[in-house]
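J.: Got a file for you: input_32.cif, mmCIF, C-alpha atoms.
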```cif
data_structure
loop_
_atom_site.label_atom_id
_atom_site.label_comp_id
_atom_site.auth_asym_id
_atom_site.auth_seq_id
_atom_site.Cartn_x
_atom_site.Cartn_y
_atom_site.Cartn_z
CA MET A 1 103.88 99.01 96.91
CA LYS A 2 107.44 98.45 98.08
CA ILE A 3 109.56 100.72 95.89
CA MET A 4 113.32 101.22 95.85
CA VAL A 5 114.29 104.81 95.04
CA THR A 6 117.97 105.33 94.29
CA GLY A 7 119.36 108.81 94.65
CA ALA A 8 116.86 109.38 97.46
CA ALA A 9 118.87 112.28 98.89
CA GLY A 10 119.12 113.90 95.46
CA PHE A 11 116.88 116.59 94.03
CA ILE A 12 114.44 114.43 92.04
CA GLY A 13 114.87 111.37 94.25
CA PHE A 14 113.93 113.22 97.42
CA HIS A 15 110.79 114.70 95.90
CA THR A 16 109.82 111.33 94.41
CA ALA A 17 110.31 109.47 97.68
CA LYS A 18 108.30 112.13 99.52
CA LYS A 19 105.40 111.81 97.09
CA LEU A 20 105.42 108.00 97.29
CA LEU A 21 105.35 108.14 101.08
CA GLU A 22 102.40 110.52 100.96
CA ARG A 23 100.40 107.87 99.13
CA ASP A 24 101.49 105.22 101.68
CA ASP A 25 104.00 103.32 99.58
CA GLU A 26 106.96 101.71 101.35
CA VAL A 27 110.15 103.39 100.15
CA ILE A 28 113.64 101.90 100.28
CA GLY A 29 115.90 104.93 99.88
CA VAL A 30 119.43 104.48 98.55
CA ASP A 31 122.11 107.17 98.23
CA ASN A 32 125.87 107.38 98.72
CA LEU A 33 125.74 111.04 99.83
CA ASN A 34 128.76 111.91 97.70
CA ASP A 35 130.31 115.36 97.74
CA TYR A 36 129.70 116.37 94.12
CA TYR A 37 127.78 119.21 95.75
CA ASP A 38 127.00 120.31 99.32
CA VAL A 39 126.35 117.18 101.37
CA SER A 40 124.47 119.19 104.00
CA LEU A 41 121.77 119.96 101.42
CA LYS A 42 121.36 116.23 100.77
CA GLU A 43 121.18 115.56 104.50
CA ALA A 44 118.60 118.32 104.90
CA ARG A 45 116.45 116.73 102.22
CA LEU A 46 116.70 113.36 103.95
CA ALA A 47 115.75 114.95 107.26
CA GLN A 48 112.38 115.85 105.71
CA ILE A 49 111.48 112.20 105.16
CA LYS A 50 113.72 109.95 107.27
CA ASP A 51 111.23 109.60 110.15
CA ARG A 52 108.17 109.02 108.02
CA PRO A 53 106.45 105.63 108.36
CA GLY A 54 107.44 103.30 105.56
CA PHE A 55 110.82 104.89 104.80
CA THR A 56 114.16 103.18 105.28
CA PHE A 57 117.48 104.62 104.17
CA HIS A 58 120.60 102.80 103.05
CA LYS A 59 123.84 104.72 102.53
CA LEU A 60 125.24 102.80 99.60
CA ASP A 61 126.84 103.48 96.23
CA VAL A 62 124.94 101.88 93.35
CA ALA A 63 128.36 101.04 91.87
CA ASP A 64 129.05 98.76 94.87
CA ARG A 65 129.16 95.35 93.21
CA ASP A 66 128.78 93.44 96.46
CA GLY A 67 126.51 95.79 98.37
CA MET A 68 123.78 96.22 95.75
CA PRO A 69 122.97 92.50 95.23
CA LYS A 70 122.81 92.12 99.01
CA LEU A 71 120.44 95.08 99.34
CA PHE A 72 118.15 93.74 96.62
CA SER A 73 117.99 90.26 98.17
CA GLU A 74 117.31 91.66 101.65
CA THR A 75 114.66 94.22 100.70
CA ARG A 76 112.99 92.56 97.67
CA PRO A 77 111.41 95.69 96.13
CA GLN A 78 108.44 95.26 93.81
CA ARG A 79 109.49 98.22 91.69
CA VAL A 80 112.63 100.30 91.30
CA ILE A 81 112.82 104.01 90.46
CA HIS A 82 116.48 104.54 89.62
CA LEU A 83 117.43 108.21 89.90
CA ALA A 84 120.97 107.93 91.24
CA ALA A 85 123.60 109.10 88.76
CA GLN A 86 126.62 111.30 88.35
CA ALA A 87 124.94 114.39 86.98
CA GLY A 88 126.25 117.43 85.14
CA VAL A 89 127.33 117.92 81.55
CA ARG A 90 130.37 120.12 82.20
CA TYR A 91 131.75 118.01 85.06
CA SER A 92 131.91 115.04 82.68
CA LEU A 93 134.74 116.85 80.88
CA GLU A 94 136.72 117.00 84.12
CA ASN A 95 136.02 113.64 85.76
CA PRO A 96 134.87 111.07 83.18
CA HIS A 97 135.57 108.11 85.45
CA ALA A 98 132.88 109.26 87.90
CA TYR A 99 130.34 108.86 85.08
CA VAL A 100 131.56 105.40 84.13
CA ASP A 101 131.39 104.22 87.75
CA SER A 102 128.00 105.63 88.65
CA ASN A 103 126.12 105.70 85.37
CA LEU A 104 127.42 102.53 83.73
CA VAL A 105 128.69 100.20 86.46
CA GLY A 106 125.91 101.36 88.78
CA PHE A 107 123.26 100.82 86.14
CA VAL A 108 124.41 97.26 85.48
CA ASN A 109 124.10 96.58 89.21
CA ILE A 110 120.53 97.91 89.15
CA LEU A 111 119.64 95.80 86.11
CA GLU A 112 121.10 92.67 87.70
CA GLY A 113 119.32 93.35 90.98
CA CYS A 114 116.02 93.66 89.13
CA ARG A 115 116.70 90.56 87.04
CA TYR A 116 117.42 88.26 89.96
CA ASN A 117 114.87 89.55 92.46
CA GLY A 118 111.59 89.52 90.58
CA VAL A 119 111.26 93.30 90.19
CA GLU A 120 108.11 93.96 88.16
CA HIS A 121 109.19 97.30 86.69
CA LEU A 122 112.38 99.38 86.49
CA CYS A 123 111.79 103.07 85.83
CA TYR A 124 115.03 105.03 85.39
CA ALA A 125 116.28 108.53 84.67
CA SER A 126 117.62 109.24 81.22
CA SER A 127 118.14 112.81 80.01
CA SER A 128 117.26 115.28 77.28
CA SER A 129 121.03 115.41 76.76
CA VAL A 130 120.78 112.24 74.67
CA TYR A 131 119.41 114.35 71.80
CA GLY A 132 122.90 115.80 71.48
CA ALA A 133 123.55 117.40 68.10
CA ASN A 134 119.92 117.01 66.96
CA THR A 135 118.35 120.27 65.73
CA LYS A 136 114.83 119.10 64.79
CA TYR A 137 112.47 120.53 67.41
CA PRO A 138 110.65 119.49 69.44
CA PHE A 139 112.74 116.45 70.37
CA ALA A 140 110.69 113.26 70.05
CA VAL A 141 111.37 109.78 71.40
CA GLN A 142 111.06 108.51 67.83
CA ASP A 143 114.13 110.55 66.80
CA ASN A 144 117.55 109.00 66.33
CA VAL A 145 119.89 109.87 69.23
CA ASP A 146 123.25 108.64 67.99
CA ASN A 147 125.14 111.94 68.24
CA PRO A 148 125.73 112.81 71.91
CA VAL A 149 127.94 115.84 72.59
CA SER A 150 129.03 115.01 76.16
CA LEU A 151 130.12 111.89 78.01
CA TYR A 152 127.20 112.41 80.40
CA ALA A 153 124.80 112.18 77.45
CA ALA A 154 126.59 109.10 76.14
CA THR A 155 126.18 107.31 79.48
CA LYS A 156 122.46 108.08 79.49
CA LYS A 157 122.06 106.77 75.93
CA ALA A 158 124.02 103.69 77.05
CA ASN A 159 121.54 103.20 79.92
CA GLU A 160 118.67 103.09 77.43
CA LEU A 161 120.50 100.49 75.32
CA MET A 162 121.41 98.41 78.37
CA ALA A 163 117.82 98.52 79.61
CA HIS A 164 116.58 97.30 76.24
CA THR A 165 118.83 94.25 76.32
CA TYR A 166 117.45 93.25 79.73
CA SER A 167 113.88 93.85 78.56
CA HIS A 168 114.58 91.69 75.51
CA LEU A 169 116.60 88.90 77.14
CA PHE A 170 114.88 88.63 80.53
CA ALA A 171 111.44 90.19 79.93
CA LEU A 172 112.27 92.86 82.52
CA PRO A 173 109.87 95.78 81.98
CA THR A 174 111.89 99.01 81.79
CA THR A 175 110.92 102.63 81.24
CA GLY A 176 113.46 105.37 80.56
CA LEU A 177 112.55 108.99 81.28
CA ARG A 178 114.29 111.80 79.44
CA PHE A 179 114.09 114.75 81.83
CA PHE A 180 114.26 118.30 80.48
CA THR A 181 116.06 120.91 82.67
CA VAL A 182 114.47 120.18 86.04
CA TYR A 183 114.19 123.06 88.54
CA GLY A 184 112.42 123.92 91.76
CA PRO A 185 112.76 123.95 95.57
CA TRP A 186 115.57 121.80 96.99
CA GLY A 187 117.27 121.94 93.59
CA ARG A 188 120.91 121.22 92.76
CA PRO A 189 123.48 123.96 93.47
CA ASP A 190 125.22 123.28 90.13
CA MET A 191 122.11 124.17 88.11
CA ALA A 192 121.56 127.58 86.50
CA LEU A 193 118.60 128.68 88.64
CA PHE A 194 120.47 128.00 91.87
CA ILE A 195 123.69 129.67 90.64
CA PHE A 196 121.89 132.71 89.23
CA THR A 197 119.75 133.22 92.33
CA ARG A 198 122.72 132.99 94.69
CA SER A 199 124.90 135.29 92.59
CA ILE A 200 122.20 137.94 92.08
CA LEU A 201 121.44 138.03 95.81
CA ASP A 202 125.18 138.26 96.57
CA GLY A 203 125.73 141.00 93.99
CA LYS A 204 128.10 138.82 91.98
CA PRO A 205 128.18 138.46 88.16
CA ILE A 206 126.45 135.55 86.44
CA ASP A 207 128.02 133.76 83.48
CA ILE A 208 125.68 133.65 80.49
CA TYR A 209 126.85 131.22 77.83
CA ASN A 210 126.40 131.54 74.07
CA PHE A 211 125.83 135.24 74.85
CA GLY A 212 122.34 134.33 76.08
CA ASP A 213 121.22 132.85 72.77
CA MET A 214 119.88 129.62 74.29
CA LEU A 215 116.48 127.99 74.80
CA ARG A 216 115.68 125.53 77.55
CA ASP A 217 112.54 123.50 78.24
CA PHE A 218 112.52 124.21 81.99
CA THR A 219 110.37 121.64 83.81
CA TYR A 220 109.15 122.15 87.36
CA ILE A 221 109.99 119.44 89.88
CA ASP A 222 106.35 118.64 90.79
CA ASP A 223 105.62 117.94 87.11
CA ILE A 224 108.69 115.71 86.86
CA VAL A 225 107.64 113.72 89.93
CA GLU A 226 104.09 113.32 88.66
CA GLY A 227 105.49 111.98 85.40
CA VAL A 228 107.88 109.62 87.19
CA ILE A 229 105.18 108.11 89.39
CA ARG A 230 102.60 107.80 86.62
CA THR A 231 105.05 106.03 84.34
CA SER A 232 106.28 103.82 87.18
CA ASP A 233 102.68 102.76 87.79
CA ARG A 234 102.28 101.83 84.12
CA VAL A 235 104.24 98.62 83.56
CA PRO A 236 105.16 98.53 79.86
CA GLU A 237 104.34 95.70 77.52
CA GLY A 238 105.82 94.91 74.14
CA ASN A 239 104.62 97.01 71.21
CA PRO A 240 102.93 94.57 68.78
CA ASP A 241 103.26 97.10 65.94
CA TRP A 242 107.01 97.45 66.27
CA SER A 243 108.86 96.23 63.19
CA GLY A 244 112.47 95.15 62.87
CA GLU A 245 112.34 96.19 59.21
CA ARG A 246 111.37 99.73 60.18
CA PRO A 247 112.63 100.05 63.75
CA VAL A 248 111.32 103.07 65.62
CA PRO A 249 113.13 104.22 68.80
CA GLY A 250 111.13 104.68 71.96
CA SER A 251 109.44 101.29 72.05
CA SER A 252 110.13 97.66 71.13
CA LYS A 253 108.63 94.21 70.92
CA ALA A 254 110.19 93.85 74.36
CA PRO A 255 108.51 95.45 77.43
CA TYR A 256 110.49 98.66 76.98
CA ARG A 257 109.48 102.31 76.69
CA ILE A 258 111.09 105.74 76.57
CA TYR A 259 109.29 109.00 77.41
CA ASN A 260 110.18 112.67 77.41
CA ILE A 261 109.14 114.60 80.49
CA GLY A 262 109.38 118.28 79.61
CA ASN A 263 107.24 121.38 79.75
CA ASN A 264 106.98 121.66 75.95
CA GLN A 265 107.35 125.44 76.42
CA PRO A 266 111.01 126.42 75.86
CA VAL A 267 112.12 129.70 77.41
CA SER A 268 115.03 131.86 76.31
CA LEU A 269 117.89 132.09 78.77
CA LEU A 270 117.60 135.88 78.87
CA ARG A 271 113.87 135.69 79.68
CA PHE A 272 114.67 133.13 82.38
CA ILE A 273 117.09 135.59 83.96
CA GLU A 274 114.52 138.40 83.78
CA ILE A 275 112.04 136.24 85.69
CA ILE A 276 114.62 135.52 88.41
CA GLU A 277 115.40 139.24 88.63
CA ASP A 278 111.69 140.04 89.01
CA CYS A 279 111.27 137.47 91.79
CA ILE A 280 114.33 138.69 93.67
CA GLY A 281 113.74 142.38 92.99
CA LYS A 282 117.31 142.96 91.87
CA LYS A 283 119.12 143.10 88.52
CA ALA A 284 121.85 140.64 87.59
CA ILE A 285 125.40 141.63 86.65
CA ARG A 286 125.76 139.84 83.31
CA ASN A 287 128.95 138.26 82.02
CA LEU A 288 128.37 137.17 78.40
CA LEU A 289 130.46 134.20 77.26
CA PRO A 290 130.68 131.83 74.26
CA LEU A 291 129.02 128.40 74.18
CA GLN A 292 130.62 125.86 76.52
CA PRO A 293 131.85 122.47 75.25
CA GLY A 294 129.14 119.83 75.72
CA ASP A 295 126.28 122.35 75.80
CA VAL A 296 123.44 122.42 73.28
CA VAL A 297 121.77 125.59 72.07
CA ALA A 298 118.13 124.58 72.52
CA THR A 299 115.92 121.88 74.02
CA CYS A 300 112.21 121.29 73.59
CA ALA A 301 110.25 118.15 74.48
CA ASN A 302 107.61 116.44 72.41
CA VAL A 303 105.43 114.82 75.11
CA ASP A 304 102.76 113.27 72.88
CA ASP A 305 103.59 109.71 74.00
CA LEU A 306 103.48 110.71 77.67
CA ILE A 307 100.04 112.26 77.17
CA LYS A 308 98.76 109.28 75.19
CA ASP A 309 100.02 106.57 77.53
CA VAL A 310 99.69 108.07 81.02
CA GLY A 311 97.40 111.06 80.45
CA PHE A 312 99.79 113.65 81.77
CA LYS A 313 101.45 116.81 80.45
CA PRO A 314 103.68 119.11 82.55
CA SER A 315 102.06 122.51 82.87
CA THR A 316 103.71 124.63 85.61
CA SER A 317 104.62 128.04 84.19
CA ILE A 318 108.20 129.23 84.47
CA GLU A 319 107.02 132.32 86.36
CA ALA A 320 105.23 130.26 89.02
CA GLY A 321 108.04 127.73 89.32
CA VAL A 322 110.86 130.27 89.68
CA GLU A 323 108.86 132.21 92.28
CA LYS A 324 108.51 129.03 94.37
CA PHE A 325 112.22 128.31 94.08
CA VAL A 326 113.28 131.81 95.10
CA LYS A 327 110.95 131.67 98.11
CA TRP A 328 112.44 128.32 99.13
CA TYR A 329 115.98 129.62 98.64
CA ARG A 330 115.34 132.69 100.82
CA ASP A 331 113.76 130.53 103.54
CA TYR A 332 116.42 127.80 103.47
CA TYR A 333 119.43 130.14 103.43
CA LYS A 334 117.72 132.82 105.51
CA VAL A 335 118.42 135.54 102.93
#
```
Could I get this file's structure written as structure tokens?

T.:
Amino acid sequence: MKIMVTGAAGFIGFHTAKKLLERDDEVIGVDNLNDYYDVSLKEARLAQIKDRPGFTFHKLDVADRDGMPKLFSETRPQRVIHLAAQAGVRYSLENPHAYVDSNLVGFVNILEGCRYNGVEHLCYASSSSVYGANTKYPFAVQDNVDNPVSLYAATKKANELMAHTYSHLFALPTTGLRFFTVYGPWGRPDMALFIFTRSILDGKPIDIYNFGDMLRDFTYIDDIVEGVIRTSDRVPEGNPDWSGERPVPGSSKAPYRIYNIGNNQPVSLLRFIEIIEDCIGKKAIRNLLPLQPGDVVATCANVDDLIKDVGFKPSTSIEAGVEKFVKWYRDYYKV
């Protein structure tokens, strides 16, 4: 297959591109290498795959209204895995325009590129953040998600709505993937595992929000990638049982699907920190703080649809996953 992967220098995009190349797909990597976090880490990820047969890289912003149509027409991908986005819940409070540009304008450019270039399937990153103020656990794709609590979450919900219109109007098969707290080697420096590991090793305090009373469905990167590729390989069709009188989110009469990809095993934040401490062999200095604006107290994924449709359920334990991350961190930063 010839597959465009946007965000190819990002955490999930890099791992996805690497896995696709290992199975001999042709990968068209796209990334703007922005400085939201350390660009050298993005370049180091790219260095792992840039010379592999079948990989080409294009430094381009998905929000580029002229550049993206040109790239689509020149490369003609069969499928698109769209992982480029402005990430981060808290940063959306500081720089909302970055989210509009990347997550909304950029997504329209992806949809239009797929529409006009015969792309057979668009698989794109949504987020568990869309569940917002919901408190019924585990979160299921059949749940209403009309109460986001951050602009980041709102842009991801908007992506799902935008994708549905293109599936409905142009019969473009689309699949949205709601990722739950992804972690692992080559992870993002703005994520908790990276911040905690660095601070503990440096002997600096870690900020623990909501006084540690939080649950997260931490999902290891290899499980995320397996879910991404399996769903990308399954081109959705319309759901014949879907009813406009009793509309159920997550599917449609159009070729449109939504899946959760999460471990279905939420872990308390304090337990998470204990595991990091055990792997490092050093205790954290804890700074307990109230809940941050935009944060949610708990996440937990219902993955029944993922199991039913693609036969996959994430299963990497938090202990095994954190150990692999800490080993990578020590090797990469020579700690």

J.: What residues come out when you apply the PyMOL selection byres ((chain A and resi 320) around 12) to this file, written as a list in words?

T.: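 Checking the PyMOL selection byres ((chain A and resi 320) around 12) against this file, the residues are Tyr183, Gly184, Pro185, Phe218, Thr219, Tyr220, Ile221, Asp222, Phe272, Ile275, Ile276, Asp278, Cys279, Ser315, Thr316, Ser317, Ile318, Glu319, Gly321, Val322, Glu323, Lys324, Phe325, Val326 and Lys327 of chain A.
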
J.: Hey, which of A:Lys19, A:His164, A:His58, A:Arg79 ends up closest to A:Ser252? Count all atoms listed in the file.

T.: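 Result for the nearest residue to A:Ser252: A:His164.
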
J.: Using atom CA of A:Arg45 and atom CA of A:Trp328 as the two end points, give the distance in Å to one decimal.

T.: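 Atom CA of A:Trp328 lies at a distance of 12.6 Å from atom CA of A:Arg45.
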
J.: Step by step: start from the point (111.9, 105.1, 107.2) in the file's coordinates, keep every protein, DNA or RNA residue that has an atom no farther than 12 Å from it, count only C-alpha atoms, and write the set as an mmCIF file with C-alpha atoms, in the coordinates of the input.

T.:
```
data_model
loop_
_atom_site.group_PDB
_atom_site.id
_atom_site.type_symbol
_atom_site.label_atom_id
_atom_site.label_comp_id
_atom_site.auth_asym_id
_atom_site.auth_seq_id
_atom_site.Cartn_x
_atom_site.Cartn_y
_atom_site.Cartn_z
ATOM 1 C CA ALA A 8 116.860 109.380 97.460
ATOM 2 C CA ALA A 17 110.310 109.470 97.680
ATOM 3 C CA LYS A 18 108.300 112.130 99.520
ATOM 4 C CA LEU A 21 105.350 108.140 101.080
ATOM 5 C CA ASP A 24 101.490 105.220 101.680
ATOM 6 C CA ASP A 25 104.000 103.320 99.580
ATOM 7 C CA GLU A 26 106.960 101.710 101.350
ATOM 8 C CA VAL A 27 110.150 103.390 100.150
ATOM 9 C CA ILE A 28 113.640 101.900 100.280
ATOM 10 C CA GLY A 29 115.900 104.930 99.880
ATOM 11 C CA VAL A 30 119.430 104.480 98.550
ATOM 12 C CA LEU A 46 116.700 113.360 103.950
ATOM 13 C CA ALA A 47 115.750 114.950 107.260
ATOM 14 C CA GLN A 48 112.380 115.850 105.710
ATOM 15 C CA ILE A 49 111.480 112.200 105.160
ATOM 16 C CA LYS A 50 113.720 109.950 107.270
ATOM 17 C CA ASP A 51 111.230 109.600 110.150
ATOM 18 C CA ARG A 52 108.170 109.020 108.020
ATOM 19 C CA PRO A 53 106.450 105.630 108.360
ATOM 20 C CA GLY A 54 107.440 103.300 105.560
ATOM 21 C CA PHE A 55 110.820 104.890 104.800
ATOM 22 C CA THR A 56 114.160 103.180 105.280
ATOM 23 C CA PHE A 57 117.480 104.620 104.170
ATOM 24 C CA HIS A 58 120.600 102.800 103.050
#
```

J.: Can you work out the spacing between atom CA of A:Val89 and atom CA of A:Tyr152 in Å, to one decimal?

T.: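 Value for the atom CA of A:Val89-atom CA of A:Tyr152 distance: 5.6 Å.
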
J.: Considering all atoms listed in the file, state which residue in the set A:Ser40, A:Ser92, A:Gln142, A:Ser129 is at the smallest distance from A:Ser251.

T.: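 Closest residue, counting all atoms listed in the file: A:Gln142.
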
J.: Expand the PyMOL selection byres ((chain A and resi 200-203) around 10) into the individual residues it matches in the shown file, reporting them as an MDAnalysis selection string.

T.: chainID A and resid 195:199 204:206 273 276:277 280:286 330 335

J.: Figure out the distance between atom CA of A:Gly118 and atom CA of A:His168, please, to one decimal in Å.

T.: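 Computing it gives 15.5 Å between the two atoms.
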
J.: Identify all residues satisfying the PyMOL selection byres ((chain A and resi 214) around 8) in the given file; provide them as an mmCIF file with C-alpha atoms, in the coordinates of the input.

T.:
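Output contents, as saved in out.cif:
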```
data_model
loop_
_atom_site.group_PDB
_atom_site.id
_atom_site.type_symbol
_atom_site.label_atom_id
_atom_site.label_comp_id
_atom_site.auth_asym_id
_atom_site.auth_seq_id
_atom_site.Cartn_x
_atom_site.Cartn_y
_atom_site.Cartn_z
ATOM 1 C CA TYR A 209 126.850 131.220 77.830
ATOM 2 C CA ASN A 210 126.400 131.540 74.070
ATOM 3 C CA GLY A 212 122.340 134.330 76.080
ATOM 4 C CA ASP A 213 121.220 132.850 72.770
ATOM 5 C CA LEU A 215 116.480 127.990 74.800
ATOM 6 C CA ARG A 216 115.680 125.530 77.550
ATOM 7 C CA SER A 268 115.030 131.860 76.310
ATOM 8 C CA LEU A 269 117.890 132.090 78.770
ATOM 9 C CA VAL A 297 121.770 125.590 72.070
ATOM 10 C CA ALA A 298 118.130 124.580 72.520
#
```

J.: What are the centre and the three edge lengths of an axis-aligned box that wraps all atoms of stretch 154-163 of chain A in the file, given that 4 Å is added to every side, written as JSON and rounded to one decimal in Å?

T.:
```
{"center_x": 122.2, "center_y": 103.8, "center_z": 77.6, "size_x": 16.8, "size_y": 18.7, "size_z": 12.6}
```

J.: Show which residues sit within 8 Å of A:Ala133, as an NGL selection string. Count all atoms listed in the file, and ignore same-chain residues fewer than 5 positions away.

T.: :A and (147-149 or 296)

J.: Near stretch 83-88 of chain A, within 9 Å and counting only C-alpha atoms, which residues show up once chain neighbours fewer than 3 positions away are dropped, as a PyMOL selection string?

T.: chain A and resi 5-8+10+12-13+30-32+36+61-62+91-92+98-103+106-107+123-126+152+190-191

J.: Which residues come within 8 Å of stretch 171-181 of chain A, counting all atoms listed in the file, excluding same-chain residues fewer than 6 positions away, as JSON, numbers by chain?

T.: {"A": [114, 115, 119, 120, 121, 122, 123, 124, 125, 126, 127, 128, 160, 163, 164, 216, 217, 218, 219, 224, 228, 231, 232, 235, 236, 237, 254, 255, 256, 257, 258, 259, 260, 261, 262, 263, 299, 300, 301]}

J.: Can you write just those residues out, C-alpha atoms, as a tab-separated table (two decimals), in the coordinates of the input?

T.:
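Generated output (selection02.tsv):
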```
chain	number	residue	atom	x	y	z
A	114	CYS	CA	116.02	93.66	89.13
A	115	ARG	CA	116.70	90.56	87.04
A	119	VAL	CA	111.26	93.30	90.19
A	120	GLU	CA	108.11	93.96	88.16
A	121	HIS	CA	109.19	97.30	86.69
A	122	LEU	CA	112.38	99.38	86.49
A	123	CYS	CA	111.79	103.07	85.83
A	124	TYR	CA	115.03	105.03	85.39
A	125	ALA	CA	116.28	108.53	84.67
A	126	SER	CA	117.62	109.24	81.22
A	127	SER	CA	118.14	112.81	80.01
A	128	SER	CA	117.26	115.28	77.28
A	160	GLU	CA	118.67	103.09	77.43
A	163	ALA	CA	117.82	98.52	79.61
A	164	HIS	CA	116.58	97.30	76.24
A	216	ARG	CA	115.68	125.53	77.55
A	217	ASP	CA	112.54	123.50	78.24
A	218	PHE	CA	112.52	124.21	81.99
A	219	THR	CA	110.37	121.64	83.81
A	224	ILE	CA	108.69	115.71	86.86
A	228	VAL	CA	107.88	109.62	87.19
A	231	THR	CA	105.05	106.03	84.34
A	232	SER	CA	106.28	103.82	87.18
A	235	VAL	CA	104.24	98.62	83.56
A	236	PRO	CA	105.16	98.53	79.86
A	237	GLU	CA	104.34	95.70	77.52
A	254	ALA	CA	110.19	93.85	74.36
A	255	PRO	CA	108.51	95.45	77.43
A	256	TYR	CA	110.49	98.66	76.98
A	257	ARG	CA	109.48	102.31	76.69
A	258	ILE	CA	111.09	105.74	76.57
A	259	TYR	CA	109.29	109.00	77.41
A	260	ASN	CA	110.18	112.67	77.41
A	261	ILE	CA	109.14	114.60	80.49
A	262	GLY	CA	109.38	118.28	79.61
A	263	ASN	CA	107.24	121.38	79.75
A	299	THR	CA	115.92	121.88	74.02
A	300	CYS	CA	112.21	121.29	73.59
A	301	ALA	CA	110.25	118.15	74.48
```

J.: Using all atoms listed in the file, which of A:Pro138, A:Pro96, A:Lys334, A:Leu41 sits nearest A:Pro266?

T.: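 Using all atoms listed in the file, the shortest distance to A:Pro266 belongs to A:Pro138.
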
J.: Restricting the calculation to all atoms listed in the file, which member of A:Thr135, A:Asn302, A:Gln292, A:Asn95 is positioned closest to A:Phe211?

T.: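 Of the candidates, the smallest distance to A:Phe211 is held by A:Gln292.
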
J.: Could you tell me which of A:Lys156, A:Arg90, A:Arg188, A:Asn287 comes closest to A:Phe14 if we count all atoms listed in the file?

T.: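 Smallest distance to A:Phe14 is found for A:Arg188.
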